[in-house]
$ cat start_39.pdb   # PDB, C-alpha atoms
ATOM      1  CA  MET O   2      92.362  93.073 113.465
ATOM      2  CA  ILE O   3      93.648  96.651 113.592
ATOM      3  CA  TYR O   4      92.286  98.988 110.925
ATOM      4  CA  LEU O   5      94.685 101.871 110.313
ATOM      5  CA  PHE O   6      93.375 104.802 108.281
ATOM      6  CA  ASP O   7      94.994 107.812 106.701
ATOM      7  CA  LEU O   8      92.780 110.914 106.619
ATOM      8  CA  ASP O   9      93.426 113.350 103.775
ATOM      9  CA  GLY O  10      92.372 111.921 100.429
ATOM     10  CA  THR O  11      91.547 108.594 102.071
ATOM     11  CA  LEU O  12      88.664 109.189 104.480
ATOM     12  CA  ALA O  13      88.304 112.916 103.813
ATOM     13  CA  ASP O  14      87.833 114.545 100.442
ATOM     14  CA  SER O  15      90.351 117.204 101.380
ATOM     15  CA  LEU O  16      93.036 117.124  98.717
ATOM     16  CA  GLY O  17      91.491 120.062  96.911
ATOM     17  CA  VAL O  18      91.697 122.110 100.113
ATOM     18  CA  TRP O  19      95.487 121.981 100.173
ATOM     19  CA  GLU O  20      95.637 122.954  96.515
ATOM     20  CA  LYS O  21      93.380 125.939  97.262
ATOM     21  CA  ILE O  22      95.510 126.984 100.218
ATOM     22  CA  ASP O  23      98.701 126.691  98.192
ATOM     23  CA  ALA O  24      97.054 128.652  95.375
ATOM     24  CA  ASP O  25      96.074 131.363  97.885
ATOM     25  CA  ILE O  26      99.650 131.597  99.137
ATOM     26  CA  ILE O  27     101.004 131.774  95.611
ATOM     27  CA  SER O  28      98.495 134.482  94.709
ATOM     28  CA  LEU O  29      99.185 136.541  97.837
ATOM     29  CA  HIS O  30     102.834 136.676  96.863
ATOM     30  CA  GLU O  31     101.996 137.450  93.212
ATOM     31  CA  LYS O  32     103.545 134.228  91.926
ATOM     32  CA  HIS O  33     102.105 131.619  89.573
ATOM     33  CA  ALA O  34     101.717 127.822  89.614
ATOM     34  CA  ASP O  35      99.755 125.649  87.197
ATOM     35  CA  ARG O  36      97.403 122.842  88.208
ATOM     36  CA  ASP O  37     100.042 120.108  88.112
ATOM     37  CA  GLU O  38     102.400 122.217  90.214
ATOM     38  CA  LEU O  39      99.665 122.883  92.767
ATOM     39  CA  ARG O  40      98.837 119.181  92.942
ATOM     40  CA  ASN O  41     102.490 118.409  93.597
ATOM     41  CA  MET O  42     102.661 121.111  96.267
ATOM     42  CA  ALA O  43      99.607 119.653  97.999
ATOM     43  CA  SER O  44     101.382 116.310  98.336
ATOM     44  CA  LEU O  45     104.503 117.750  99.983
ATOM     45  CA  GLY O  46     105.367 117.776 103.652
ATOM     46  CA  TYR O  47     105.872 121.107 105.389
ATOM     47  CA  GLU O  48     109.671 120.994 105.120
ATOM     48  CA  GLN O  49     109.562 120.207 101.398
ATOM     49  CA  LEU O  50     106.942 122.890 100.789
ATOM     50  CA  TYR O  51     109.040 125.426 102.691
ATOM     51  CA  GLU O  52     111.987 124.716 100.416
ATOM     52  CA  LEU O  53     109.871 124.851  97.271
ATOM     53  CA  LEU O  54     108.240 128.139  98.212
ATOM     54  CA  GLY O  55     111.650 129.540  99.051
ATOM     55  CA  SER O  56     112.897 128.591  95.589
ATOM     56  CA  MET O  57     109.963 130.573  94.182
ATOM     57  CA  GLY O  58     110.927 133.631  96.196
ATOM     58  CA  ILE O  59     108.273 133.146  98.895
ATOM     59  CA  LYS O  60     110.178 133.411 102.157
ATOM     60  CA  TYR O  61     109.019 132.573 105.695
ATOM     61  CA  PRO O  62     111.072 133.064 108.880
ATOM     62  CA  SER O  63     110.889 129.321 109.543
ATOM     63  CA  VAL O  64     109.053 126.120 108.653
ATOM     64  CA  ALA O  65     107.005 126.574 111.842
ATOM     65  CA  ALA O  66     105.901 130.070 110.792
ATOM     66  CA  MET O  67     104.819 128.799 107.380
ATOM     67  CA  GLN O  68     103.027 125.811 108.927
ATOM     68  CA  ASP O  69     101.178 128.042 111.381
ATOM     69  CA  GLU O  70      99.873 130.256 108.572
ATOM     70  CA  ILE O  71      98.837 127.265 106.455
ATOM     71  CA  ASP O  72      97.160 125.496 109.375
ATOM     72  CA  GLN O  73      95.173 128.593 110.283
ATOM     73  CA  MET O  74      93.865 128.746 106.721
ATOM     74  CA  ALA O  75      93.160 125.013 106.730
ATOM     75  CA  GLN O  76      91.257 125.108 110.025
ATOM     76  CA  LEU O  77      88.503 127.145 108.429
ATOM     77  CA  TYR O  78      88.096 124.599 105.633
ATOM     78  CA  TYR O  79      88.172 121.539 107.903
ATOM     79  CA  ALA O  80      85.740 123.001 110.410
ATOM     80  CA  GLY O  81      83.018 123.776 107.897
ATOM     81  CA  LYS O  82      83.693 122.665 104.344
ATOM     82  CA  VAL O  83      85.726 119.457 104.062
ATOM     83  CA  GLN O  84      83.516 116.422 103.468
ATOM     84  CA  LEU O  85      84.064 112.742 104.117
ATOM     85  CA  ARG O  86      84.344 110.543 101.061
ATOM     86  CA  PRO O  87      81.130 108.586 100.302
ATOM     87  CA  TYR O  88      80.523 105.596 102.603
ATOM     88  CA  ALA O  89      83.536 106.471 104.802
ATOM     89  CA  ARG O  90      81.271 106.965 107.811
ATOM     90  CA  GLN O  91      79.530 103.604 107.303
ATOM     91  CA  LEU O  92      82.866 101.858 106.855
ATOM     92  CA  LEU O  93      84.354 103.276 110.049
ATOM     93  CA  GLN O  94      81.287 102.369 112.074
ATOM     94  CA  LYS O  95      81.405  98.812 110.744
ATOM     95  CA  CYS O  96      85.132  98.471 111.404
ATOM     96  CA  THR O  97      84.567  99.340 115.062
ATOM     97  CA  GLN O  98      82.432  96.206 115.301
ATOM     98  CA  LYS O  99      85.156  94.048 113.760
ATOM     99  CA  GLY O 100      88.317  95.272 115.438
ATOM    100  CA  ILE O 101      90.364  98.263 116.563
ATOM    101  CA  VAL O 102      90.251 101.444 114.475
ATOM    102  CA  LEU O 103      93.114 103.952 114.438
ATOM    103  CA  LEU O 104      93.762 107.215 112.614
ATOM    104  CA  PHE O 105      97.286 107.813 111.300
ATOM    105  CA  THR O 106      97.649 111.177 109.619
ATOM    106  CA  ASP O 107     100.125 113.960 108.978
ATOM    107  CA  SER O 108      97.423 116.493 109.872
ATOM    108  CA  PRO O 109      97.483 117.914 113.423
ATOM    109  CA  GLU O 110      94.586 117.441 115.822
ATOM    110  CA  ARG O 111      93.396 121.033 115.395
ATOM    111  CA  LEU O 112      92.546 120.184 111.790
ATOM    112  CA  TYR O 113      91.096 116.698 111.946
ATOM    113  CA  MET O 114      89.163 116.884 115.218
ATOM    114  CA  PRO O 115      86.578 119.505 114.096
ATOM    115  CA  LEU O 116      85.933 117.455 110.970
ATOM    116  CA  LEU O 117      85.470 114.178 112.861
ATOM    117  CA  GLU O 118      83.287 115.818 115.496
ATOM    118  CA  ARG O 119      81.106 117.381 112.800
ATOM    119  CA  TYR O 120      80.412 113.859 111.524
ATOM    120  CA  GLY O 121      80.167 112.327 115.005
ATOM    121  CA  LEU O 122      83.087 109.994 114.326
ATOM    122  CA  SER O 123      85.764 110.902 116.865
ATOM    123  CA  GLY O 124      84.561 108.050 119.082
ATOM    124  CA  CYS O 125      85.216 105.494 116.333
ATOM    125  CA  PHE O 126      88.982 105.752 116.793
ATOM    126  CA  GLU O 127      90.724 104.102 119.706
ATOM    127  CA  ARG O 128      93.693 106.367 119.015
ATOM    128  CA  MET O 129      94.354 109.260 116.659
ATOM    129  CA  ILE O 130      98.019 109.753 115.849
ATOM    130  CA  CYS O 131      99.631 112.664 114.062
ATOM    131  CA  ALA O 132     102.714 111.131 112.455
ATOM    132  CA  ARG O 133     104.715 114.366 112.508
ATOM    133  CA  GLU O 134     104.025 115.021 116.182
ATOM    134  CA  ALA O 135     105.025 111.433 116.990
ATOM    135  CA  GLY O 136     108.284 111.833 115.053
ATOM    136  CA  LEU O 137     107.214 109.370 112.360
ATOM    137  CA  ASP O 138     107.595 109.649 108.590
ATOM    138  CA  LYS O 139     104.754 107.876 106.801
ATOM    139  CA  LYS O 140     106.965 107.243 103.772
ATOM    140  CA  LYS O 141     109.540 105.202 105.730
ATOM    141  CA  PRO O 142     109.011 101.516 106.646
ATOM    142  CA  ALA O 143     110.670 101.940 110.059
ATOM    143  CA  SER O 144     107.882 104.310 111.100
ATOM    144  CA  TYR O 145     105.275 101.566 110.774
ATOM    145  CA  THR O 146     107.388  99.181 112.823
ATOM    146  CA  ARG O 147     107.736 101.875 115.486
ATOM    147  CA  LEU O 148     104.001 102.570 115.350
ATOM    148  CA  ALA O 149     103.210  98.894 115.934
ATOM    149  CA  ASP O 150     105.661  98.823 118.857
ATOM    150  CA  MET O 151     104.018 101.933 120.340
ATOM    151  CA  LEU O 152     100.688 100.127 120.254
ATOM    152  CA  GLY O 153     101.993  96.803 121.551
ATOM    153  CA  ALA O 154     101.089  95.034 118.305
ATOM    154  CA  ARG O 155     102.764  93.346 115.342
ATOM    155  CA  THR O 156     102.797  94.945 111.916
ATOM    156  CA  SER O 157     101.057  91.829 110.590
ATOM    157  CA  ASP O 158      98.039  92.722 112.769
ATOM    158  CA  PHE O 159      97.271  95.809 110.653
ATOM    159  CA  VAL O 160      95.243  96.622 107.575
ATOM    160  CA  PHE O 161      96.429 100.028 106.381
ATOM    161  CA  TYR O 162      94.422 102.281 104.042
ATOM    162  CA  ASP O 163      96.085 105.255 102.336
ATOM    163  CA  ASP O 164      95.817 107.206  99.092
ATOM    164  CA  SER O 165      99.605 107.627  98.869
ATOM    165  CA  PRO O 166     101.517 104.977  96.885
ATOM    166  CA  ALA O 167     104.670 105.855  98.819
ATOM    167  CA  CYS O 168     102.960 105.345 102.183
ATOM    168  CA  VAL O 169     101.311 102.011 101.386
ATOM    169  CA  SER O 170     104.591 100.808  99.907
ATOM    170  CA  ALA O 171     106.449 101.705 103.100
ATOM    171  CA  ALA O 172     103.803 100.079 105.314
ATOM    172  CA  GLY O 173     103.901  96.955 103.171
ATOM    173  CA  GLU O 174     107.668  96.728 103.505
ATOM    174  CA  ALA O 175     107.184  96.860 107.276
ATOM    175  CA  GLY O 176     104.801  93.891 107.136
ATOM    176  CA  MET O 177     101.345  95.484 107.117
ATOM    177  CA  TYR O 178      98.557  94.434 104.783
ATOM    178  CA  THR O 179      98.038  97.484 102.593
ATOM    179  CA  VAL O 180      95.117  98.857 100.574
ATOM    180  CA  GLY O 181      95.659 101.662  98.080
ATOM    181  CA  VAL O 182      92.712 104.053  97.840
ATOM    182  CA  CYS O 183      92.710 105.527  94.349
ATOM    183  CA  ASP O 184      90.374 107.867  92.531
ATOM    184  CA  ASP O 185      90.873 108.809  88.887
ATOM    185  CA  ILE O 186      88.642 111.877  89.230
ATOM    186  CA  ARG O 187      90.871 113.276  91.978
ATOM    187  CA  GLY O 188      94.014 112.339  90.073
ATOM    188  CA  ILE O 189      94.920 109.321  92.224
ATOM    189  CA  LYS O 190      95.353 106.689  89.521
ATOM    190  CA  LYS O 191      95.500 102.905  89.785
ATOM    191  CA  GLU O 192      98.772 102.735  87.872
ATOM    192  CA  GLU O 193     100.509 104.613  90.663
ATOM    193  CA  PHE O 194      99.692 101.773  93.085
ATOM    194  CA  ASP O 195     100.623  98.824  90.883
ATOM    195  CA  GLY O 196     103.114  96.637  92.727
ATOM    196  CA  LYS O 197     103.067  98.857  95.813
ATOM    197  CA  CYS O 198     100.170  97.448  97.852
ATOM    198  CA  ASP O 199      98.269  94.226  98.447
ATOM    199  CA  ARG O 200      94.978  95.521  97.092
ATOM    200  CA  ILE O 201      93.562  98.546  95.274
ATOM    201  CA  ILE O 202      90.092 100.037  95.759
ATOM    202  CA  TYR O 203      88.313 102.985  94.154
ATOM    203  CA  GLY O 204      86.098 104.003  97.049
ATOM    204  CA  TRP O 205      84.436 102.876 100.236
ATOM    205  CA  GLU O 206      81.083 101.454  99.118
ATOM    206  CA  GLU O 207      82.438  98.067  98.066
ATOM    207  CA  GLU O 208      84.803  97.873 101.050
ATOM    208  CA  TRP O 209      81.978  98.711 103.456
ATOM    209  CA  LYS O 210      79.879  95.867 102.061
ATOM    210  CA  CYS O 211      82.729  93.350 102.241
ATOM    211  CA  ILE O 212      84.050  93.932 105.762
TER
END
$ encode --input "start_39.pdb" --output "structure tokens"
Amino acid sequence: MIYLFDLDGTLADSLGVWEKIDADIISLHEKHADRDELRNMASLGYEQLYELLGSMGIKYPSVAAMQDEIDQMAQLYYAGKVQLRPYARQLLQKCTQKGIVLLFTDSPERLYMPLLERYGLSGCFERMICAREAGLDKKKPASYTRLADMLGARTSDFVFYDDSPACVSAAGEAGMYTVGVCDDIRGIKKEEFDGKCDRIIYGWEEEWKCI
């Protein structure tokens, strides 16, 4: 069995970080965004965020320049403030006894590695893959087929955990068994996953006990 985990919002309680960073950028440029707008911004990829900020009059020389500024801000949060979701550590450690554990995230290594090392978990993952750096789009089924090929496996060998309905839907279309990780408190609601994944969970305690 291959356990494939997303990071932000799935293993790490980091969604609020991206909202704070986006709020900081908005404030620095003397613009305004309400809570729903900030939540939407936090869910966007760098290219989409670049376009949105541009439409608000916040201009960067390039997507790379914007990403570099955002990542520098994020590094400080990930290195010292971002926490794992409850029971995520226990789950990962148990999964290593049952099969292969992989990380599949849009976050670059400079963000996720300090967080994992702070919790002593970097050794739990056989491989850690940044989708963007590998040229993969987590919202497209073909990316999961390509990922399986890269690893010399079949998509049916995977159990994929993600807090994004679009990502679990894409992985499911590619043939992976998918688990939607929702959390009403953080705004990730069950209804968003209905019909898009094989199973829905609210946190890691129950999953940790069942694996």
$ closest_residue --input "start_39.pdb" --among "O:Lys99, O:Lys140, O:Arg155, O:Lys210" --to "Tyr4 in chain O" --atoms "all atoms listed in the file"
O:Lys99
$ residues_near_point --input "start_39.pdb" --point "(88.5, 119.4, 108.3)" --cutoff "6 Å" --atoms "all atoms listed in the file" --output "VMD selection string"
chain O and resid 78 to 80 83 112 to 113 116
$ resolve_selection --input "start_39.pdb" --expression "the PyMOL selection byres ((chain O and resi 197-203) around 7)" --output "PDB file with C-alpha atoms, in the coordinates of the input"
ATOM      1  CA  PRO O 166     101.517 104.977  96.885  1.00  0.00           C
ATOM      2  CA  VAL O 169     101.311 102.011 101.386  1.00  0.00           C
ATOM      3  CA  SER O 170     104.591 100.808  99.907  1.00  0.00           C
ATOM      4  CA  GLY O 173     103.901  96.955 103.171  1.00  0.00           C
ATOM      5  CA  TYR O 178      98.557  94.434 104.783  1.00  0.00           C
ATOM      6  CA  THR O 179      98.038  97.484 102.593  1.00  0.00           C
ATOM      7  CA  VAL O 180      95.117  98.857 100.574  1.00  0.00           C
ATOM      8  CA  GLY O 181      95.659 101.662  98.080  1.00  0.00           C
ATOM      9  CA  VAL O 182      92.712 104.053  97.840  1.00  0.00           C
ATOM     10  CA  CYS O 183      92.710 105.527  94.349  1.00  0.00           C
ATOM     11  CA  ASP O 184      90.374 107.867  92.531  1.00  0.00           C
ATOM     12  CA  PHE O 194      99.692 101.773  93.085  1.00  0.00           C
ATOM     13  CA  ASP O 195     100.623  98.824  90.883  1.00  0.00           C
ATOM     14  CA  GLY O 196     103.114  96.637  92.727  1.00  0.00           C
ATOM     15  CA  GLY O 204      86.098 104.003  97.049  1.00  0.00           C
TER      16      GLY O 204
END
$ resolve_selection --input "start_39.pdb" --expression "the PyMOL selection byres ((chain O and resi 84-95) around 12)" --output "VMD selection string"
chain O and resid 3 to 18 78 to 83 96 to 104 113 115 to 127 162 182 to 184 187 203 to 212
$ closest_residue --input "start_39.pdb" --among "O:Leu137, O:Val64, O:Leu54, O:Met177" --to "Ala34 in chain O" --atoms "all atoms listed in the file"
O:Leu54
$ resolve_selection --input "start_39.pdb" --expression "the PyMOL selection byres ((chain O and resi 19) around 9)" --output "ChimeraX atom specification"
/O:15-18,20-24,39-40,42-44,71,75
$ write_last_selection --input "start_39.pdb" --atoms "C-alpha atoms" --output "JSON list (two decimals), in the coordinates of the input"
[["chain", "number", "residue", "atom", "x", "y", "z"],
["O", 15, "SER", "CA", 90.35, 117.20, 101.38],
["O", 16, "LEU", "CA", 93.04, 117.12, 98.72],
["O", 17, "GLY", "CA", 91.49, 120.06, 96.91],
["O", 18, "VAL", "CA", 91.70, 122.11, 100.11],
["O", 20, "GLU", "CA", 95.64, 122.95, 96.52],
["O", 21, "LYS", "CA", 93.38, 125.94, 97.26],
["O", 22, "ILE", "CA", 95.51, 126.98, 100.22],
["O", 23, "ASP", "CA", 98.70, 126.69, 98.19],
["O", 24, "ALA", "CA", 97.05, 128.65, 95.38],
["O", 39, "LEU", "CA", 99.66, 122.88, 92.77],
["O", 40, "ARG", "CA", 98.84, 119.18, 92.94],
["O", 42, "MET", "CA", 102.66, 121.11, 96.27],
["O", 43, "ALA", "CA", 99.61, 119.65, 98.00],
["O", 44, "SER", "CA", 101.38, 116.31, 98.34],
["O", 71, "ILE", "CA", 98.84, 127.26, 106.46],
["O", 75, "ALA", "CA", 93.16, 125.01, 106.73]]
$ closest_residue --input "start_39.pdb" --among "O:Leu148, O:Val160, O:Met67, O:Leu45" --to "Ala132 in chain O" --atoms "all atoms listed in the file"
O:Leu148
$ closest_residue --input "start_39.pdb" --among "O:Arg133, O:Lys60, O:Lys139, O:Arg128" --to "His30 in chain O" --atoms "all atoms listed in the file"
O:Lys60
